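Structure data follow from target18.txt (compact mmCIF, N, CA and C atoms):
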```txt
# COMPACT_ATOMS: atom_id res chain seq x y z
N MET W 1 115.46 -88.68 79.65
CA MET W 1 114.06 -89.06 79.83
C MET W 1 114.00 -90.42 80.52
N ILE W 2 113.17 -90.54 81.52
CA ILE W 2 113.01 -91.80 82.25
C ILE W 2 111.99 -92.64 81.51
N THR W 3 112.35 -93.88 81.24
CA THR W 3 111.39 -94.77 80.58
C THR W 3 110.59 -95.50 81.63
N THR W 4 109.27 -95.52 81.46
CA THR W 4 108.40 -96.14 82.45
C THR W 4 107.99 -97.56 82.05
N GLU W 5 108.21 -97.92 80.83
CA GLU W 5 107.75 -99.22 80.34
C GLU W 5 108.29 -100.37 81.18
N SER W 6 109.61 -100.36 81.45
CA SER W 6 110.23 -101.50 82.12
C SER W 6 110.20 -101.39 83.62
N SER W 7 109.78 -100.24 84.16
CA SER W 7 109.89 -100.07 85.60
C SER W 7 108.56 -99.76 86.28
N ASP W 8 107.45 -99.94 85.59
CA ASP W 8 106.17 -99.71 86.22
C ASP W 8 105.93 -100.71 87.34
N CYS W 9 105.22 -100.26 88.36
CA CYS W 9 104.86 -101.13 89.47
C CYS W 9 103.40 -101.56 89.28
N PRO W 10 103.16 -102.82 88.93
CA PRO W 10 101.79 -103.28 88.70
C PRO W 10 100.87 -103.09 89.90
N ALA W 11 101.40 -103.28 91.12
CA ALA W 11 100.57 -103.12 92.32
C ALA W 11 100.09 -101.68 92.45
N LEU W 12 100.97 -100.74 92.18
CA LEU W 12 100.59 -99.33 92.25
C LEU W 12 99.62 -98.99 91.12
N GLY W 13 99.85 -99.57 89.95
CA GLY W 13 98.95 -99.36 88.82
C GLY W 13 97.55 -99.86 89.11
N SER W 14 97.43 -100.98 89.82
CA SER W 14 96.09 -101.51 90.12
C SER W 14 95.37 -100.65 91.15
N LEU W 15 96.11 -99.96 92.01
CA LEU W 15 95.49 -99.07 93.00
C LEU W 15 95.06 -97.73 92.39
N LEU W 16 95.92 -97.18 91.55
CA LEU W 16 95.72 -95.82 91.06
C LEU W 16 95.30 -95.71 89.61
N GLY W 17 95.49 -96.79 88.86
CA GLY W 17 95.36 -96.71 87.41
C GLY W 17 96.73 -96.39 86.84
N ARG W 18 96.97 -96.85 85.64
CA ARG W 18 98.30 -96.73 85.05
C ARG W 18 98.80 -95.29 84.93
N ALA W 19 97.94 -94.40 84.46
CA ALA W 19 98.37 -93.00 84.26
C ALA W 19 98.72 -92.33 85.58
N GLN W 20 97.87 -92.50 86.59
CA GLN W 20 98.13 -91.88 87.89
C GLN W 20 99.35 -92.52 88.55
N ALA W 21 99.50 -93.84 88.44
CA ALA W 21 100.67 -94.51 89.02
C ALA W 21 101.96 -94.01 88.37
N THR W 22 101.93 -93.84 87.06
CA THR W 22 103.09 -93.31 86.36
C THR W 22 103.41 -91.90 86.83
N ALA W 23 102.38 -91.08 87.00
CA ALA W 23 102.58 -89.70 87.47
C ALA W 23 103.18 -89.68 88.88
N VAL W 24 102.70 -90.56 89.76
CA VAL W 24 103.23 -90.64 91.12
C VAL W 24 104.69 -91.09 91.08
N GLN W 25 104.98 -92.11 90.29
CA GLN W 25 106.36 -92.60 90.20
C GLN W 25 107.28 -91.54 89.60
N ASP W 26 106.79 -90.81 88.62
CA ASP W 26 107.59 -89.73 88.02
C ASP W 26 107.90 -88.66 89.05
N ARG W 27 106.88 -88.26 89.82
CA ARG W 27 107.07 -87.23 90.84
C ARG W 27 108.06 -87.67 91.91
N LEU W 28 107.90 -88.90 92.40
CA LEU W 28 108.80 -89.42 93.43
C LEU W 28 110.23 -89.57 92.89
N SER W 29 110.36 -89.99 91.64
CA SER W 29 111.68 -90.11 91.02
C SER W 29 112.34 -88.76 90.89
N ALA W 30 111.59 -87.77 90.44
CA ALA W 30 112.13 -86.42 90.30
C ALA W 30 112.59 -85.86 91.64
N GLU W 31 111.83 -86.18 92.70
CA GLU W 31 112.23 -85.72 94.03
C GLU W 31 113.57 -86.35 94.45
N LEU W 32 113.76 -87.64 94.16
CA LEU W 32 115.04 -88.28 94.48
C LEU W 32 116.19 -87.71 93.67
N VAL W 33 115.94 -87.41 92.43
CA VAL W 33 116.96 -86.80 91.59
C VAL W 33 117.39 -85.46 92.19
N ALA W 34 116.40 -84.66 92.59
CA ALA W 34 116.69 -83.33 93.14
C ALA W 34 117.31 -83.39 94.54
N SER W 35 116.77 -84.24 95.40
CA SER W 35 117.23 -84.24 96.80
C SER W 35 118.49 -85.06 97.02
N ASP W 36 118.63 -86.17 96.30
CA ASP W 36 119.76 -87.06 96.53
C ASP W 36 120.76 -87.08 95.38
N LEU W 37 120.49 -86.26 94.36
CA LEU W 37 121.39 -86.14 93.21
C LEU W 37 121.63 -87.47 92.51
N LEU W 38 120.57 -88.29 92.46
CA LEU W 38 120.66 -89.57 91.77
C LEU W 38 120.44 -89.38 90.28
N ALA W 39 121.01 -90.28 89.50
CA ALA W 39 120.73 -90.29 88.06
C ALA W 39 119.25 -90.64 87.88
N PRO W 40 118.58 -90.06 86.89
CA PRO W 40 117.13 -90.31 86.71
C PRO W 40 116.77 -91.79 86.60
N ASP W 41 117.55 -92.58 85.86
CA ASP W 41 117.23 -94.00 85.73
C ASP W 41 117.38 -94.73 87.06
N ARG W 42 118.39 -94.36 87.84
CA ARG W 42 118.60 -94.99 89.16
C ARG W 42 117.45 -94.61 90.11
N ALA W 43 117.07 -93.34 90.08
CA ALA W 43 115.97 -92.89 90.94
C ALA W 43 114.68 -93.62 90.59
N ARG W 44 114.40 -93.75 89.29
CA ARG W 44 113.18 -94.44 88.85
C ARG W 44 113.21 -95.90 89.30
N SER W 45 114.35 -96.54 89.17
CA SER W 45 114.49 -97.93 89.59
C SER W 45 114.23 -98.09 91.09
N LEU W 46 114.79 -97.20 91.89
CA LEU W 46 114.58 -97.26 93.35
C LEU W 46 113.12 -97.02 93.71
N VAL W 47 112.51 -96.04 93.08
CA VAL W 47 111.11 -95.72 93.36
C VAL W 47 110.23 -96.91 93.00
N CYS W 48 110.46 -97.50 91.86
CA CYS W 48 109.63 -98.63 91.43
C CYS W 48 109.80 -99.83 92.36
N ALA W 49 111.04 -100.11 92.76
CA ALA W 49 111.28 -101.24 93.67
C ALA W 49 110.62 -101.00 95.02
N ARG W 50 110.76 -99.79 95.56
CA ARG W 50 110.18 -99.48 96.86
C ARG W 50 108.66 -99.41 96.79
N ALA W 51 108.12 -98.89 95.69
CA ALA W 51 106.66 -98.83 95.54
C ALA W 51 106.08 -100.24 95.46
N CYS W 52 106.72 -101.11 94.68
CA CYS W 52 106.23 -102.49 94.56
C CYS W 52 106.35 -103.25 95.87
N ALA W 53 107.32 -102.87 96.71
CA ALA W 53 107.47 -103.51 98.02
C ALA W 53 106.50 -102.92 99.05
N GLY W 54 105.78 -101.86 98.67
CA GLY W 54 104.82 -101.25 99.58
C GLY W 54 105.46 -100.43 100.68
N ASP W 55 106.62 -99.85 100.43
CA ASP W 55 107.37 -99.09 101.43
C ASP W 55 106.58 -97.85 101.89
N PRO W 56 106.14 -97.83 103.17
CA PRO W 56 105.37 -96.69 103.64
C PRO W 56 106.18 -95.39 103.68
N LEU W 57 107.49 -95.47 103.85
CA LEU W 57 108.31 -94.25 103.85
C LEU W 57 108.19 -93.53 102.51
N LEU W 58 108.07 -94.29 101.46
CA LEU W 58 107.91 -93.72 100.12
C LEU W 58 106.45 -93.38 99.84
N LEU W 59 105.52 -94.26 100.21
CA LEU W 59 104.15 -94.18 99.74
C LEU W 59 103.14 -93.48 100.64
N ALA W 60 103.34 -93.49 101.93
CA ALA W 60 102.29 -92.99 102.84
C ALA W 60 101.85 -91.58 102.48
N ALA W 61 100.53 -91.42 102.29
CA ALA W 61 99.96 -90.13 101.90
C ALA W 61 98.49 -90.09 102.29
N PRO W 62 97.94 -88.89 102.41
CA PRO W 62 96.51 -88.78 102.70
C PRO W 62 95.67 -89.48 101.63
N GLY W 63 94.53 -89.99 102.06
CA GLY W 63 93.61 -90.66 101.14
C GLY W 63 93.86 -92.14 101.00
N GLN W 64 94.74 -92.68 101.81
CA GLN W 64 95.06 -94.11 101.72
C GLN W 64 94.40 -94.90 102.84
N ILE W 65 94.16 -96.18 102.55
CA ILE W 65 93.73 -97.15 103.55
C ILE W 65 94.80 -98.24 103.57
N TRP W 66 95.33 -98.53 104.75
CA TRP W 66 96.32 -99.59 104.95
C TRP W 66 95.67 -100.67 105.79
N VAL W 67 95.83 -101.93 105.38
CA VAL W 67 95.23 -103.07 106.08
C VAL W 67 96.34 -103.89 106.73
N LEU W 68 96.08 -104.35 107.94
CA LEU W 68 97.06 -105.10 108.72
C LEU W 68 97.44 -106.39 108.01
N ASP W 69 98.74 -106.68 107.93
CA ASP W 69 99.20 -107.94 107.36
C ASP W 69 98.64 -109.10 108.17
N GLU W 70 98.31 -110.18 107.48
CA GLU W 70 97.68 -111.32 108.16
C GLU W 70 98.59 -112.00 109.17
N ASP W 71 99.91 -111.82 109.08
CA ASP W 71 100.81 -112.45 110.04
C ASP W 71 101.07 -111.58 111.27
N ILE W 72 100.40 -110.43 111.38
CA ILE W 72 100.54 -109.54 112.54
C ILE W 72 99.31 -109.70 113.42
N ASP W 73 99.52 -109.87 114.71
CA ASP W 73 98.43 -110.02 115.67
C ASP W 73 97.73 -108.68 115.84
N ILE W 74 96.41 -108.67 115.74
CA ILE W 74 95.63 -107.44 115.88
C ILE W 74 95.87 -106.79 117.24
N ASP W 75 96.21 -107.57 118.26
CA ASP W 75 96.48 -107.01 119.58
C ASP W 75 97.76 -106.18 119.60
N ASP W 76 98.61 -106.34 118.59
CA ASP W 76 99.86 -105.58 118.51
C ASP W 76 99.73 -104.36 117.59
N ALA W 77 98.51 -104.08 117.15
CA ALA W 77 98.30 -103.00 116.18
C ALA W 77 97.21 -102.06 116.66
N PRO W 78 97.24 -100.83 116.17
CA PRO W 78 96.20 -99.87 116.58
C PRO W 78 94.82 -100.16 116.00
N ALA W 79 94.76 -100.82 114.83
CA ALA W 79 93.48 -101.13 114.20
C ALA W 79 93.74 -102.12 113.07
N LEU W 80 92.68 -102.76 112.61
CA LEU W 80 92.79 -103.67 111.47
C LEU W 80 93.07 -102.90 110.19
N ARG W 81 92.41 -101.76 110.04
CA ARG W 81 92.61 -100.92 108.85
C ARG W 81 92.78 -99.48 109.30
N LEU W 82 93.77 -98.81 108.72
CA LEU W 82 94.05 -97.42 109.07
C LEU W 82 93.81 -96.51 107.86
N ALA W 83 93.12 -95.41 108.09
CA ALA W 83 92.94 -94.38 107.07
C ALA W 83 93.94 -93.27 107.35
N VAL W 84 94.74 -92.92 106.35
CA VAL W 84 95.74 -91.86 106.51
C VAL W 84 95.10 -90.52 106.16
N HIS W 85 95.18 -89.58 107.10
CA HIS W 85 94.62 -88.23 106.92
C HIS W 85 95.69 -87.19 106.61
N ALA W 86 96.90 -87.39 107.12
CA ALA W 86 97.99 -86.44 106.89
C ALA W 86 99.32 -87.15 107.11
N ARG W 87 100.34 -86.61 106.48
CA ARG W 87 101.70 -87.11 106.68
C ARG W 87 102.53 -85.94 107.19
N LEU W 88 103.29 -86.21 108.24
CA LEU W 88 104.12 -85.20 108.88
C LEU W 88 105.58 -85.65 108.82
N SER W 89 106.50 -84.71 109.07
CA SER W 89 107.91 -85.06 109.03
C SER W 89 108.59 -84.69 110.34
N ALA W 90 109.83 -85.14 110.48
CA ALA W 90 110.73 -84.81 111.60
C ALA W 90 110.14 -85.12 112.97
N PRO W 91 109.98 -86.34 113.36
CA PRO W 91 110.21 -87.58 112.63
C PRO W 91 109.03 -87.91 111.72
N PRO W 92 109.26 -88.76 110.73
CA PRO W 92 108.16 -89.14 109.82
C PRO W 92 107.03 -89.83 110.59
N ARG W 93 105.83 -89.29 110.43
CA ARG W 93 104.67 -89.86 111.11
C ARG W 93 103.42 -89.56 110.30
N VAL W 94 102.34 -90.22 110.67
CA VAL W 94 101.07 -90.05 109.98
C VAL W 94 99.96 -89.80 110.99
N ILE W 95 98.96 -89.06 110.55
CA ILE W 95 97.74 -88.88 111.32
C ILE W 95 96.74 -89.86 110.71
N VAL W 96 96.22 -90.77 111.53
CA VAL W 96 95.37 -91.85 111.04
C VAL W 96 94.10 -91.95 111.90
N SER W 97 93.15 -92.70 111.36
CA SER W 97 91.98 -93.11 112.12
C SER W 97 91.68 -94.55 111.76
N ASP W 98 90.84 -95.18 112.56
CA ASP W 98 90.40 -96.53 112.26
C ASP W 98 89.46 -96.45 111.06
N ALA W 99 89.85 -97.06 109.96
CA ALA W 99 89.07 -96.98 108.71
C ALA W 99 87.71 -97.66 108.84
N ASP W 100 87.52 -98.48 109.85
CA ASP W 100 86.26 -99.19 110.02
C ASP W 100 85.32 -98.50 111.00
N GLU W 101 85.73 -97.37 111.56
CA GLU W 101 84.85 -96.59 112.44
C GLU W 101 83.83 -95.88 111.57
N PRO W 102 82.57 -95.92 111.95
CA PRO W 102 81.55 -95.26 111.12
C PRO W 102 81.67 -93.74 111.18
N GLY W 103 81.41 -93.11 110.05
CA GLY W 103 81.37 -91.65 109.98
C GLY W 103 82.74 -91.00 109.94
N PRO W 104 82.78 -89.74 109.53
CA PRO W 104 84.05 -89.02 109.42
C PRO W 104 84.59 -88.51 110.75
N GLY W 105 83.82 -88.64 111.82
CA GLY W 105 84.23 -88.08 113.10
C GLY W 105 85.04 -89.03 113.96
N GLY W 106 85.66 -90.07 113.38
CA GLY W 106 86.44 -91.02 114.16
C GLY W 106 87.63 -90.36 114.83
N ALA W 107 88.10 -91.00 115.88
CA ALA W 107 89.24 -90.47 116.63
C ALA W 107 90.50 -90.52 115.78
N LEU W 108 91.26 -89.43 115.80
CA LEU W 108 92.52 -89.37 115.08
C LEU W 108 93.66 -89.73 116.02
N ASP W 109 94.68 -90.34 115.45
CA ASP W 109 95.85 -90.74 116.23
C ASP W 109 97.09 -90.39 115.42
N GLU W 110 98.15 -90.02 116.10
CA GLU W 110 99.42 -89.74 115.44
C GLU W 110 100.36 -90.92 115.70
N LEU W 111 100.83 -91.53 114.61
CA LEU W 111 101.70 -92.70 114.72
C LEU W 111 102.99 -92.46 113.96
N LEU W 112 104.07 -93.05 114.46
CA LEU W 112 105.31 -93.05 113.69
C LEU W 112 105.06 -93.79 112.39
N LEU W 113 105.66 -93.33 111.33
CA LEU W 113 105.45 -93.92 110.02
C LEU W 113 105.81 -95.40 109.98
N GLU W 114 106.77 -95.80 110.81
CA GLU W 114 107.20 -97.20 110.82
C GLU W 114 106.10 -98.17 111.22
N VAL W 115 105.04 -97.70 111.88
CA VAL W 115 103.92 -98.57 112.23
C VAL W 115 103.27 -99.14 110.97
N LEU W 116 103.27 -98.36 109.89
CA LEU W 116 102.67 -98.84 108.64
C LEU W 116 103.42 -100.02 108.03
N GLU W 117 104.60 -100.33 108.52
CA GLU W 117 105.32 -101.50 108.03
C GLU W 117 104.59 -102.80 108.39
N PHE W 118 103.68 -102.74 109.37
CA PHE W 118 102.86 -103.90 109.74
C PHE W 118 101.63 -104.02 108.84
N TYR W 119 101.47 -103.09 107.92
CA TYR W 119 100.29 -103.00 107.06
C TYR W 119 100.70 -103.08 105.60
N ARG W 120 99.68 -103.25 104.74
CA ARG W 120 99.91 -103.15 103.30
C ARG W 120 98.88 -102.18 102.75
N LEU W 121 99.29 -101.46 101.73
CA LEU W 121 98.42 -100.45 101.13
C LEU W 121 97.27 -101.15 100.42
N GLU W 122 96.05 -100.80 100.82
CA GLU W 122 94.85 -101.44 100.27
C GLU W 122 94.16 -100.57 99.22
N SER W 123 94.08 -99.28 99.48
CA SER W 123 93.45 -98.37 98.51
C SER W 123 94.03 -96.98 98.67
N TRP W 124 93.84 -96.18 97.60
CA TRP W 124 94.43 -94.84 97.57
C TRP W 124 93.56 -93.95 96.72
N GLN W 125 93.10 -92.85 97.26
CA GLN W 125 92.34 -91.86 96.51
C GLN W 125 93.33 -90.85 95.94
N PRO W 126 93.68 -90.99 94.66
CA PRO W 126 94.74 -90.14 94.11
C PRO W 126 94.41 -88.66 94.09
N ASP W 127 93.14 -88.29 94.18
CA ASP W 127 92.81 -86.86 94.19
C ASP W 127 93.23 -86.18 95.48
N LEU W 128 93.60 -86.98 96.49
CA LEU W 128 94.07 -86.42 97.76
C LEU W 128 95.60 -86.38 97.85
N LEU W 129 96.29 -86.70 96.76
CA LEU W 129 97.75 -86.68 96.77
C LEU W 129 98.26 -85.27 97.00
N PRO W 130 99.21 -85.10 97.94
CA PRO W 130 99.82 -83.79 98.09
C PRO W 130 100.75 -83.50 96.92
N ALA W 131 101.13 -82.25 96.77
CA ALA W 131 102.01 -81.86 95.67
C ALA W 131 103.35 -82.57 95.76
N THR W 132 103.87 -82.73 96.95
CA THR W 132 105.11 -83.49 97.16
C THR W 132 104.93 -84.33 98.40
N PRO W 133 105.61 -85.47 98.49
CA PRO W 133 105.48 -86.33 99.66
C PRO W 133 105.86 -85.59 100.94
N GLY W 134 105.11 -85.85 101.99
CA GLY W 134 105.43 -85.27 103.29
C GLY W 134 104.89 -83.86 103.48
N THR W 135 104.06 -83.38 102.56
CA THR W 135 103.48 -82.06 102.70
C THR W 135 101.98 -82.18 102.80
N PRO W 136 101.33 -81.23 103.47
CA PRO W 136 99.86 -81.28 103.53
C PRO W 136 99.27 -80.96 102.17
N ASN W 137 97.99 -81.30 102.01
CA ASN W 137 97.30 -81.03 100.73
C ASN W 137 97.24 -79.56 100.43
```

Could you quickly redo this structure as structure tokens?
Amino acid sequence: MITTESSDCPALGSLLGRAQATAVQDRLSAELVASDLLAPDRARSLVCARACAGDPLLLAAPGQIWVLDEDIDIDDAPALRLAVHARLSAPPRVIVSDADEPGPGGALDELLLEVLEFYRLESWQPDLLPATPGTPN
């Protein structure tokens, strides 16, 4: 059994609430155990460290808003805030729109997932979480 007491990510908890954050961390940990054959405690430790660091490779999912880090020039970025609509694989990428564009009909763009490294996760609608990372809803 993986213990969550010592490895919870407070930043993720503040975005999702403690119960939902724990469920997300459990799911991601279980995926690492299955895919990489890691021990459950090691997988949980890695997930918590990467989640607290805001790693988009681990976290990027539909229903999120990512805001540009203050040390990145807006001229070097697609938008100040990005709304994630879908996550794709091979190569890892996201379908995003400018979160500040009015209405749901904003232009969609496909970006490599690494672009989110210039951003930090600002909000997350947990009801839009896919069953497993990298899959559509």

List as a PyMOL selection string the protein and nucleic acid residues near W:Arg93, meaning an atom at most 8 Å away when only C-alpha atoms are counted, but skip any in the same chain fewer than 2 places from it. chain W and resi 87-91+95+110-114

Practice item. Could you tell me how far atom CA of W:Asp75 lies from atom CA of W:Leu58, in Å and to one decimal? Key: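 If I compute the distance from atom CA of W:Asp75 to atom CA of W:Leu58, I get 26.2 Å.
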
* If you run DSSP on the backbone, which residues of chain W are alpha helix (DSSP H), as a PyMOL selection string? -> chain W and resi 10-16+18-36+40-52+56-59

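Computed from the coordinates, the atom C of W:Val24 to atom C of W:Leu12 distance equals 9.4 Å.
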
W:Ala53, W:Pro78, W:Gln64, W:Ser45: which is nearest W:Ser29, counting all atoms listed in the file?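 Of W:Ala53, W:Pro78, W:Gln64, W:Ser45, the one nearest W:Ser29, counting all atoms listed in the file, is W:Ser45.
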
Just the number, please: distance in Å from atom CA of W:Ala83 to atom CA of W:Trp66, one decimal.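 Value for the atom CA of W:Ala83-atom CA of W:Trp66 distance: 6.6 Å.
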
Using all atoms listed in the file, the residue out of W:Pro10, W:Val47, W:Phe118, W:Gln20 with shortest distance to W:Val67 is W:Phe118
